$ cat start29.cif   # mmCIF, C-alpha atoms and all ligand atoms
data_data
#
loop_
_atom_site.label_atom_id
_atom_site.label_comp_id
_atom_site.auth_asym_id
_atom_site.auth_seq_id
_atom_site.Cartn_x
_atom_site.Cartn_y
_atom_site.Cartn_z
CA MET A 1 -14.94 11.12 0.31
CA LEU A 2 -11.30 11.81 -0.48
CA GLY A 3 -8.28 9.82 0.72
CA LEU A 4 -5.09 11.81 1.34
CA TYR A 5 -1.72 10.20 0.61
CA LEU A 6 1.45 11.88 1.95
CA HIS A 7 4.74 10.58 0.56
CA VAL A 8 7.90 10.59 2.71
CA PRO A 9 10.88 9.54 0.57
CA PHE A 10 13.55 8.94 3.24
CA CYS A 11 15.07 5.67 4.41
CA SER A 12 17.90 4.81 6.83
CA SER A 13 19.39 2.48 4.21
CA ILE A 14 18.30 1.28 0.80
CA CYS A 15 17.07 -2.30 0.57
CA ASN A 16 18.48 -4.28 -2.32
CA TYR A 17 15.08 -5.10 -3.90
CA CYS A 18 13.43 -1.70 -3.51
CA ASN A 19 11.99 0.09 -6.50
CA PHE A 20 10.03 2.77 -4.62
CA ASN A 21 10.60 6.50 -4.81
CA ARG A 22 13.05 6.90 -1.91
CA GLY A 23 16.53 8.07 -0.94
CA LEU A 24 18.86 8.12 2.03
CA PHE A 25 17.78 10.13 5.06
CA ASP A 26 19.32 13.59 5.40
CA ALA A 27 18.08 15.67 8.34
CA ALA A 28 18.42 19.05 6.59
CA VAL A 29 16.65 17.88 3.42
CA LYS A 30 13.94 16.29 5.54
CA THR A 31 13.21 19.60 7.30
CA ARG A 32 12.88 21.44 3.99
CA TYR A 33 10.78 18.61 2.56
CA VAL A 34 8.27 18.71 5.43
CA ASP A 35 7.86 22.47 4.89
CA ALA A 36 7.24 21.86 1.17
CA LEU A 37 4.79 19.04 1.88
CA GLU A 38 2.83 21.16 4.33
CA ALA A 39 2.70 24.01 1.80
CA GLU A 40 1.45 21.68 -0.96
CA ILE A 41 -1.33 20.35 1.30
CA ARG A 42 -2.43 23.87 2.27
CA GLN A 43 -2.49 24.94 -1.39
CA ALA A 44 -5.02 22.22 -2.18
CA ARG A 45 -7.92 24.26 -0.83
CA PRO A 46 -9.37 26.59 -3.46
CA ALA A 47 -9.89 30.07 -2.01
CA ALA A 48 -13.66 30.34 -2.42
CA ALA A 49 -14.77 26.74 -2.02
CA PRO A 50 -15.76 24.85 1.09
CA PRO A 51 -13.21 22.24 2.20
CA ALA A 52 -13.60 18.87 0.52
CA PRO A 53 -14.50 15.98 2.83
CA ALA A 54 -11.75 13.42 3.44
CA ASP A 55 -11.74 10.38 5.70
CA THR A 56 -8.29 8.83 5.39
CA ILE A 57 -4.67 10.00 5.62
CA PHE A 58 -1.90 7.61 4.67
CA PHE A 59 1.77 8.39 5.32
CA GLY A 60 3.66 6.17 2.89
CA GLY A 61 7.24 5.96 1.75
CA GLY A 62 10.12 5.52 2.09
CA THR A 63 10.02 5.38 5.85
CA PRO A 64 7.57 8.00 7.17
CA SER A 65 8.35 7.03 10.77
CA LEU A 66 11.75 8.74 10.30
CA LEU A 67 9.88 12.04 10.66
CA ASP A 68 9.65 13.51 14.11
CA PRO A 69 6.20 13.00 15.67
CA ASP A 70 5.83 16.80 15.83
CA GLU A 71 6.32 16.94 12.05
CA ILE A 72 3.64 14.26 11.61
CA ARG A 73 1.37 16.33 13.86
CA ARG A 74 1.97 19.45 11.74
CA LEU A 75 1.12 17.57 8.55
CA ILE A 76 -2.06 16.09 10.02
CA GLN A 77 -3.04 19.57 11.20
CA ALA A 78 -2.46 20.92 7.70
CA CYS A 79 -4.84 18.22 6.41
CA GLU A 80 -7.42 19.11 9.07
CA GLU A 81 -7.24 22.81 8.23
CA THR A 82 -7.42 22.24 4.47
CA PHE A 83 -9.99 19.46 4.20
CA ASP A 84 -13.16 18.56 6.05
CA LEU A 85 -11.50 15.66 7.84
CA GLN A 86 -14.25 13.39 9.12
CA PRO A 87 -14.47 12.30 12.77
CA GLY A 88 -12.89 8.87 13.09
CA ALA A 89 -10.75 9.36 9.98
CA GLU A 90 -8.21 6.56 9.49
CA VAL A 91 -4.65 7.92 9.83
CA THR A 92 -1.98 5.37 8.89
CA LEU A 93 1.78 5.64 9.39
CA GLU A 94 4.07 3.22 7.56
CA THR A 95 6.80 2.34 10.02
CA ASN A 96 9.95 0.29 9.96
CA PRO A 97 10.54 -1.79 13.09
CA GLU A 98 14.03 -0.35 13.69
CA THR A 99 12.63 3.17 14.09
CA SER A 100 10.09 2.15 16.72
CA THR A 101 10.21 2.81 20.48
CA THR A 102 7.26 2.93 22.86
CA GLU A 103 7.91 6.63 23.42
CA ARG A 104 7.86 7.41 19.68
CA MET A 105 4.74 5.29 19.23
CA GLU A 106 3.02 7.22 22.04
CA ARG A 107 4.01 10.52 20.44
CA PHE A 108 2.78 9.41 16.99
CA ARG A 109 -0.52 8.44 18.58
CA GLU A 110 -0.80 11.80 20.34
CA ALA A 111 -0.05 13.45 16.99
CA GLY A 112 -3.20 11.86 15.53
CA VAL A 113 -1.98 8.59 13.98
CA ASN A 114 -4.41 5.74 14.72
CA ARG A 115 -3.09 2.95 12.48
CA ILE A 116 0.45 1.60 12.24
CA SER A 117 1.67 -0.45 9.29
CA PHE A 118 4.99 -2.21 9.92
CA GLY A 119 7.24 -3.29 7.05
CA VAL A 120 8.34 -6.59 8.61
CA GLN A 121 8.84 -8.64 5.39
CA SER A 122 10.08 -11.77 7.19
CA PHE A 123 10.37 -13.21 10.69
CA ARG A 124 13.47 -15.18 9.69
CA GLU A 125 16.91 -13.71 10.29
CA PRO A 126 18.69 -15.07 7.18
CA GLU A 127 15.95 -13.72 4.93
CA LEU A 128 16.09 -10.25 6.50
CA ARG A 129 19.87 -10.19 6.00
CA ARG A 130 19.56 -11.27 2.34
CA LEU A 131 17.10 -8.41 1.75
CA GLY A 132 19.40 -5.87 3.39
CA ARG A 133 16.83 -4.99 6.04
CA LEU A 134 18.07 -3.22 9.17
CA HIS A 135 15.78 -4.86 11.74
CA THR A 136 15.89 -8.31 13.24
CA ALA A 137 12.90 -10.62 13.57
CA ASP A 138 12.86 -10.10 17.35
CA ARG A 139 12.90 -6.30 16.85
CA ALA A 140 9.82 -6.63 14.65
CA VAL A 141 7.99 -8.53 17.39
CA LEU A 142 9.06 -5.92 19.95
CA ALA A 143 7.95 -3.07 17.67
CA ALA A 144 4.45 -4.54 17.39
CA GLY A 145 4.40 -4.77 21.20
CA GLU A 146 5.52 -1.13 21.46
CA ALA A 147 2.65 -0.06 19.22
CA ARG A 148 0.23 -2.00 21.44
CA ALA A 149 1.76 -0.51 24.60
CA ALA A 150 1.23 2.94 23.12
CA GLY A 151 -2.47 2.14 22.65
CA PHE A 152 -2.67 1.32 18.93
CA ASP A 153 -5.52 -1.12 18.30
CA ASN A 154 -5.12 -1.12 14.52
CA VAL A 155 -1.78 -2.60 13.49
CA SER A 156 -0.81 -4.07 10.14
CA LEU A 157 2.24 -6.17 9.25
CA ASP A 158 3.68 -6.70 5.75
CA LEU A 159 5.34 -9.97 4.79
CA MET A 160 7.05 -10.92 1.52
CA MET A 161 7.01 -14.41 0.07
CA TRP A 162 9.08 -16.17 -2.56
CA LEU A 163 12.32 -14.71 -1.20
CA PRO A 164 15.75 -16.00 -2.30
CA GLN A 165 16.45 -19.38 -0.65
CA GLN A 166 13.04 -19.35 1.04
CA SER A 167 11.51 -22.81 1.35
CA MET A 168 7.87 -23.59 2.00
CA SER A 169 8.63 -24.35 5.65
CA ASP A 170 10.55 -21.06 6.00
CA TRP A 171 7.51 -19.19 4.73
CA LYS A 172 5.20 -21.11 7.06
CA GLU A 173 7.39 -20.07 9.98
CA SER A 174 6.99 -16.37 9.11
CA VAL A 175 3.22 -16.64 8.66
CA ASP A 176 2.85 -18.49 11.96
CA ARG A 177 4.91 -15.88 13.77
CA LEU A 178 2.74 -13.16 12.26
CA ILE A 179 -0.38 -14.94 13.53
CA HIS A 180 1.27 -15.24 16.95
CA VAL A 181 1.98 -11.47 17.00
CA GLY A 182 -1.72 -10.95 16.15
CA PRO A 183 -2.03 -7.79 14.06
CA GLU A 184 -5.48 -6.65 12.91
CA HIS A 185 -4.34 -6.59 9.29
CA ALA A 186 -1.66 -8.20 7.15
CA SER A 187 -0.38 -7.72 3.61
CA LEU A 188 1.35 -10.58 1.82
CA TYR A 189 3.39 -9.65 -1.22
CA LEU A 190 5.30 -11.71 -3.70
CA LEU A 191 8.88 -10.47 -4.13
CA GLU A 192 9.16 -8.79 -7.52
CA LEU A 193 12.66 -8.41 -8.90
CA TYR A 194 12.87 -5.35 -11.14
CA PRO A 195 15.47 -5.52 -13.94
CA ASN A 196 18.46 -3.83 -12.24
CA ALA A 197 17.72 -4.71 -8.63
CA PRO A 198 20.97 -5.06 -6.64
CA LEU A 199 19.41 -8.16 -5.09
CA LYS A 200 19.76 -9.86 -8.48
CA GLU A 201 23.54 -9.33 -8.33
CA ASP A 202 23.61 -10.48 -4.70
CA MET A 203 21.76 -13.63 -5.74
CA ALA A 204 24.14 -14.33 -8.61
CA ARG A 205 27.22 -13.75 -6.41
CA ALA A 206 25.98 -15.85 -3.49
CA GLY A 207 24.28 -18.53 -5.59
CA TRP A 208 20.86 -17.88 -4.02
CA SER A 209 17.86 -19.04 -5.99
CA LEU A 210 14.10 -18.67 -5.94
CA ALA A 211 11.83 -21.62 -5.31
CA PRO A 212 9.96 -22.93 -8.40
CA ASP A 213 6.83 -21.03 -9.51
CA ASP A 214 4.61 -23.84 -8.25
CA ASP A 215 6.01 -23.34 -4.75
CA ALA A 216 5.19 -19.62 -4.91
CA ALA A 217 1.58 -20.54 -5.72
CA GLU A 218 1.52 -23.06 -2.89
CA MET A 219 2.98 -20.48 -0.47
CA TYR A 220 0.25 -18.01 -1.40
CA LEU A 221 -2.63 -20.48 -1.14
CA TRP A 222 -1.32 -22.10 2.04
CA SER A 223 -0.93 -18.76 3.86
CA LEU A 224 -4.44 -17.62 2.96
CA ASP A 225 -5.88 -20.89 4.27
CA ARG A 226 -3.82 -20.57 7.43
CA LEU A 227 -4.93 -16.96 7.97
CA ASP A 228 -8.58 -17.94 7.33
CA GLY A 229 -8.22 -20.48 10.12
CA ALA A 230 -6.76 -17.83 12.42
CA GLY A 231 -9.79 -15.53 12.01
CA TYR A 232 -8.56 -13.25 9.23
CA ARG A 233 -10.65 -12.61 6.13
CA GLN A 234 -9.01 -12.11 2.79
CA TYR A 235 -10.56 -8.96 1.31
CA GLU A 236 -8.10 -8.27 -1.51
CA ILE A 237 -5.59 -10.32 -3.49
CA SER A 238 -2.72 -9.46 -1.11
CA ASN A 239 -4.55 -8.32 2.02
CA VAL A 240 -6.32 -9.93 4.96
CA ALA A 241 -7.91 -8.33 8.01
CA ARG A 242 -9.93 -8.98 11.10
CA ALA A 243 -13.59 -7.88 10.71
CA GLY A 244 -13.83 -4.12 10.19
CA ARG A 245 -10.05 -3.63 10.02
CA GLU A 246 -9.62 -3.50 6.25
CA SER A 247 -7.45 -0.58 5.11
CA ARG A 248 -10.01 2.12 4.43
CA HIS A 249 -7.43 4.16 2.56
CA ASN A 250 -6.33 1.40 0.21
CA LEU A 251 -9.95 0.43 -0.42
CA LYS A 252 -10.30 3.77 -2.22
CA TYR A 253 -7.87 2.53 -4.88
CA TRP A 254 -9.93 -0.63 -5.40
CA THR A 255 -13.42 0.84 -5.28
CA ASP A 256 -13.19 3.56 -7.92
CA GLY A 257 -12.55 6.18 -5.23
CA GLU A 258 -10.77 9.53 -5.37
CA TRP A 259 -7.58 10.53 -3.64
CA LEU A 260 -5.04 13.33 -3.53
CA GLY A 261 -1.34 12.52 -3.25
CA PHE A 262 1.13 15.02 -1.77
CA GLY A 263 4.91 14.90 -1.93
CA CYS A 264 7.43 13.81 -4.53
CA GLY A 265 6.22 11.17 -6.95
CA ALA A 266 2.71 11.11 -5.45
CA HIS A 267 -0.25 10.35 -7.73
CA SER A 268 -3.73 11.84 -7.50
CA THR A 269 -7.04 10.91 -9.10
CA ARG A 270 -10.02 13.19 -8.85
CA ALA A 271 -13.01 14.02 -11.07
CA GLY A 272 -11.72 11.90 -13.93
CA VAL A 273 -8.25 13.50 -13.95
CA ARG A 274 -5.04 11.76 -12.91
CA TRP A 275 -1.80 13.57 -12.19
CA LYS A 276 1.61 12.79 -10.81
CA ASN A 277 4.07 14.97 -8.94
CA VAL A 278 7.70 15.35 -9.91
CA SER A 279 9.65 12.35 -8.55
CA ALA A 280 12.98 13.79 -7.36
CA THR A 281 12.95 15.11 -3.79
CA GLU A 282 15.16 18.16 -4.47
CA ASP A 283 13.20 19.05 -7.60
CA TYR A 284 9.99 18.84 -5.59
CA ILE A 285 11.35 21.08 -2.81
CA SER A 286 12.77 23.68 -5.18
CA ARG A 287 9.58 23.84 -7.28
CA MET A 288 7.50 24.32 -4.13
CA SER A 289 9.90 27.04 -2.84
CA ALA A 290 9.72 28.83 -6.18
CA GLY A 291 5.92 28.68 -6.25
CA GLU A 292 5.96 26.45 -9.36
CA THR A 293 3.64 23.54 -9.98
CA VAL A 294 4.90 20.13 -8.85
CA ALA A 295 2.43 18.18 -11.01
CA VAL A 296 4.32 17.03 -14.10
CA GLU A 297 1.98 14.55 -15.71
CA ARG A 298 -1.72 15.21 -15.99
CA ARG A 299 -4.26 13.42 -18.10
CA HIS A 300 -8.00 13.23 -18.41
CA LEU A 301 -9.09 9.63 -18.13
CA THR A 302 -11.26 8.57 -21.03
CA ALA A 303 -14.56 6.81 -20.42
CA ASP A 304 -12.84 3.56 -21.50
CA ASP A 305 -9.92 4.15 -19.08
CA ARG A 306 -12.32 4.70 -16.20
CA LEU A 307 -14.46 1.70 -16.99
CA GLY A 308 -11.44 -0.60 -17.43
CA GLU A 309 -9.89 0.61 -14.18
CA ALA A 310 -13.14 0.32 -12.26
CA MET A 311 -13.31 -3.33 -13.36
CA PHE A 312 -9.73 -4.43 -12.78
CA THR A 313 -9.31 -2.67 -9.45
CA ALA A 314 -12.64 -3.97 -8.09
CA LEU A 315 -11.83 -7.48 -9.26
CA ARG A 316 -8.83 -7.40 -6.91
CA LEU A 317 -11.33 -7.53 -4.04
CA ALA A 318 -12.34 -10.92 -2.70
CA ASP A 319 -15.99 -9.84 -2.96
CA GLY A 320 -15.38 -8.98 -6.59
CA VAL A 321 -17.36 -6.50 -8.63
CA GLU A 322 -21.08 -5.84 -9.02
CA ILE A 323 -21.37 -5.74 -12.80
CA ALA A 324 -24.84 -4.18 -12.90
CA GLU A 325 -23.62 -1.36 -10.67
CA VAL A 326 -20.57 -0.61 -12.86
CA SER A 327 -22.76 -0.84 -15.99
CA ARG A 328 -25.10 1.75 -14.46
CA ARG A 329 -22.28 4.02 -13.36
CA TYR A 330 -20.62 4.09 -16.78
CA GLY A 331 -23.68 3.69 -18.99
CA VAL A 332 -22.18 0.62 -20.68
CA ASP A 333 -23.28 -3.00 -20.68
CA VAL A 334 -20.15 -4.41 -19.03
CA TRP A 335 -20.95 -8.03 -19.85
CA GLU A 336 -21.62 -7.27 -23.48
CA LYS A 337 -18.26 -5.45 -23.67
CA PHE A 338 -16.03 -7.90 -21.76
CA GLY A 339 -18.08 -11.08 -21.32
CA GLY A 340 -16.67 -12.85 -24.39
CA SER A 341 -13.06 -12.39 -23.19
CA LEU A 342 -13.96 -13.43 -19.64
CA GLU A 343 -15.87 -16.62 -20.49
CA PRO A 344 -12.72 -18.80 -20.82
CA PHE A 345 -11.62 -17.79 -17.30
CA LEU A 346 -15.08 -18.69 -15.96
CA ALA A 347 -14.92 -22.03 -17.71
CA ILE A 348 -11.63 -23.03 -16.05
CA GLY A 349 -12.66 -21.81 -12.61
CA PHE A 350 -10.49 -18.69 -12.30
CA LEU A 351 -13.59 -16.48 -12.23
CA ARG A 352 -16.98 -17.08 -10.67
CA ARG A 353 -20.20 -15.31 -11.52
CA GLU A 354 -23.00 -15.23 -8.94
CA GLY A 355 -25.92 -13.24 -10.34
CA SER A 356 -24.52 -9.85 -11.23
CA ARG A 357 -21.40 -10.32 -9.08
CA LEU A 358 -18.15 -11.38 -10.68
CA ARG A 359 -15.15 -12.39 -8.61
CA LEU A 360 -11.81 -14.13 -8.82
CA THR A 361 -11.44 -17.51 -7.15
CA ARG A 362 -8.21 -17.99 -5.18
CA ASP A 363 -6.73 -19.92 -8.09
CA GLY A 364 -7.81 -17.02 -10.29
CA MET A 365 -5.99 -14.57 -7.99
CA LEU A 366 -2.76 -16.32 -8.95
CA MET A 367 -3.55 -15.50 -12.58
CA ALA A 368 -4.84 -11.99 -11.88
CA ASN A 369 -2.47 -10.21 -14.29
CA GLU A 370 -3.57 -12.34 -17.23
CA ILE A 371 -7.25 -11.94 -16.38
CA MET A 372 -7.00 -8.17 -15.76
CA SER A 373 -5.36 -7.65 -19.14
CA VAL A 374 -8.86 -8.07 -20.60
CA PHE A 375 -9.69 -4.60 -19.25
CA VAL A 376 -6.57 -2.71 -20.37
S1 LIG B 401 12.67 0.60 3.82
FE1 LIG B 401 11.06 0.31 2.25
S2 LIG B 401 11.12 2.14 0.98
FE2 LIG B 401 13.04 2.10 2.18
S3 LIG B 401 14.53 1.12 0.85
FE3 LIG B 401 13.64 -0.50 2.12
S4 LIG B 401 11.89 -1.30 0.94
FE4 LIG B 401 12.48 0.67 0.02
#
$ encode --input "start29.cif" --output "structure tokens"
Amino acid sequence: MLGLYLHVPFCSSICNYCNFNRGLFDAAVKTRYVDALEAEIRQARPAAAPPAPADTIFFGGGTPSLLDPDEIRRLIQACEETFDLQPGAEVTLETNPETSTTERMERFREAGVNRISFGVQSFREPELRRLGRLHTADRAVLAAGEARAAGFDNVSLDLMMWLPQQSMSDWKESVDRLIHVGPEHASLYLLELYPNAPLKEDMARAGWSLAPDDDAAEMYLWSLDRLDGAGYRQYEISNVARAGRESRHNLKYWTDGEWLGFGCGAHSTRAGVRWKNVSATEDYISRMSAGETVAVERRHLTADDRLGEAMFTALRLADGVEIAEVSRRYGVDVWEKFGGSLEPFLAIGFLRREGSRLRLTRDGMLMANEIMSVFV
């Protein structure tokens, strides 16, 4: 079953830590972009073949909620008319709290969206200002209420930890406010500062610093314990959910699934082939208008690529990976191939093996990059 990812590269302002494929909102460019995106989706159906089944749509960005609800409706319809979209398909819209109103939420819901993911990042005012975010903490709480008032029963909130000047008690405050708001799903990310991030300059100028690495580890472990106690289950390194509310779309990335990405910079993986669309918005629009391909990188994944990816993506899941199943799927004895490199991580308690199932412990999740490098 395919997942469909639709990229919307527009934002009202650019946050000082952001390394995503995005640019400033321009109404005229947005209109042309939506036309191009719809055309790319419709082209995905080969003339003589039945439509491929799909069960998730994910509008990611950027800030997809800057599109008009009627544009979201058009794009969902294009997906329905191109793919065999399953009843009950999960349709997620990434949303920034400042773009939310009850009326817009109602219209997004009528358009076919059934899951809202809010980029909250922090419930503390000074942290939001340091990150250059446009919303306030109170606006984020109101936005979640607006989604509820519009009838959404599947809401996710993102938070970021290890922010400049953030103390352990600051982080606890944000996590507790998130629990109080009560979303069905939450994502907890560690701030990653890419080399030329403007936030680095802001930090140098203002004398802001990051807490020591040990505090970042404590923040992570504390929040997962706290969320456990509040009825959430961690199902992936950075994600927790109430029962049955895991992100079905994102699970495709972690369970060796297949997905098609539409829009500038979107990636696709299907039938052992991975490709990426041209990144620049204008380039994407003009290629689509000229009837040229927008896919600029395409490669066949080797058997080794696929096996390595199947292992390191599945190990991100709290339930871990069923080694016998992956061995069967790829015709390789996974333990014979990787066991020797994994033994030291088992010995120090970063990995646990229960029968044929291998999984990271929470301490191991903190060392995930080192452990996953075994598979690359
Ligand atoms: S709203 Fe999101 S995508 Fe846009 S600039 Fe900020 S972090 Fe980046």
$ residues_around --input "start29.cif" --residues "Val278 of chain A" --least-positions-apart "6" --cutoff "7 Å" --atoms "all atoms listed in the file" --output "short mmCIF file (atom, residue, chain, number, x, y, z; two decimals) with C-alpha atoms, keeping the file's coordinate frame"
data_model
loop_
_atom_site.label_atom_id
_atom_site.label_comp_id
_atom_site.auth_asym_id
_atom_site.auth_seq_id
_atom_site.Cartn_x
_atom_site.Cartn_y
_atom_site.Cartn_z
CA CYS A 264 7.43 13.81 -4.53
CA GLY A 265 6.22 11.17 -6.95
CA TYR A 284 9.99 18.84 -5.59
CA VAL A 294 4.90 20.13 -8.85
CA ALA A 295 2.43 18.18 -11.01
CA VAL A 296 4.32 17.03 -14.10
#
$ closest_residue --input "start29.cif" --among "A:Val8, A:Leu190, A:Ala39, A:Val120" --to "Glu81 of chain A" --atoms "only C-alpha atoms"
A:Ala39
$ residues_around --input "start29.cif" --residues "Pro51 of chain A" --least-positions-apart "2" --cutoff "12 Å" --atoms "all atoms listed in the file" --output "MDAnalysis selection string"
chainID A and resid 1:2 42:49 53:54 79:86
$ residues_around --input "start29.cif" --residues "segment 61-72 of chain A" --least-positions-apart "4" --cutoff "8 Å" --atoms "all atoms listed in the file" --output "ChimeraX atom specification"
/A:7-12,20-23,30,34,76,93-96,99-100,104,107-108,111
$ closest_residue --input "start29.cif" --among "A:Ala28, A:Leu131, A:Ala290, A:Ala280" --to "ligand LIG 401 (chain B)" --atoms "all atoms listed in the file"
A:Leu131
$ closest_residue --input "start29.cif" --among "A:Glu125, A:Glu38, A:Asp158, A:Glu218" --to "ligand LIG 401 (chain B)" --atoms "only C-alpha atoms and all ligand atoms"
A:Asp158
$ axis_aligned_box --input "start29.cif" --around "ligand LIG 401 (chain B)" --padding-each-side "5 Å" --output "lines of an AutoDock Vina configuration file"
center_x = 12.8
center_y = 0.4
center_z = 1.9
size_x = 13.5
size_y = 13.4
size_z = 13.8
$ closest_residue --input "start29.cif" --among "A:Glu103, A:Glu343, A:Asp176, A:Glu309" --to "Ala143 of chain A" --atoms "only C-alpha atoms"
A:Glu103
$ atom_distance --input "start29.cif" --atom1 "atom CA of Val273 of chain A" --atom2 "atom CA of Phe312 of chain A"
18.0 Å
$ atom_distance --input "start29.cif" --atom1 "atom CA of Thr269 of chain A" --atom2 "atom CA of Arg306 of chain A"
10.8 Å
$ residues_around --input "start29.cif" --residues "Arg139 of chain A" --least-positions-apart "6" --cutoff "12 Å" --atoms "all atoms listed in the file" --output "PyMOL selection string"
chain A and resi 96-101+118-120+122-125+128+133+145-146
$ atom_distance --input "start29.cif" --atom1 "atom CA of Ala303 of chain A" --atom2 "atom CA of Gly257 of chain A"
15.3 Å
$ closest_residue --input "start29.cif" --among "A:Ala368, A:Pro195, A:Cys18, A:Leu346" --to "Ser238 of chain A" --atoms "all atoms listed in the file"
A:Ala368
$ residues_around --input "start29.cif" --residues "Gly340 of chain A" --least-positions-apart "6" --cutoff "12 Å" --atoms "only C-alpha atoms" --output "PyMOL selection string"
chain A and resi 334+346-347+374-375
$ write_last_selection --input "start29.cif" --atoms "C-alpha atoms" --output "compact mmCIF listing (two decimals), in the coordinates of the input"
# COMPACT_ATOMS: atom_id res chain seq x y z
CA VAL A 334 -20.15 -4.41 -19.03
CA LEU A 346 -15.08 -18.69 -15.96
CA ALA A 347 -14.92 -22.03 -17.71
CA VAL A 374 -8.86 -8.07 -20.60
CA PHE A 375 -9.69 -4.60 -19.25
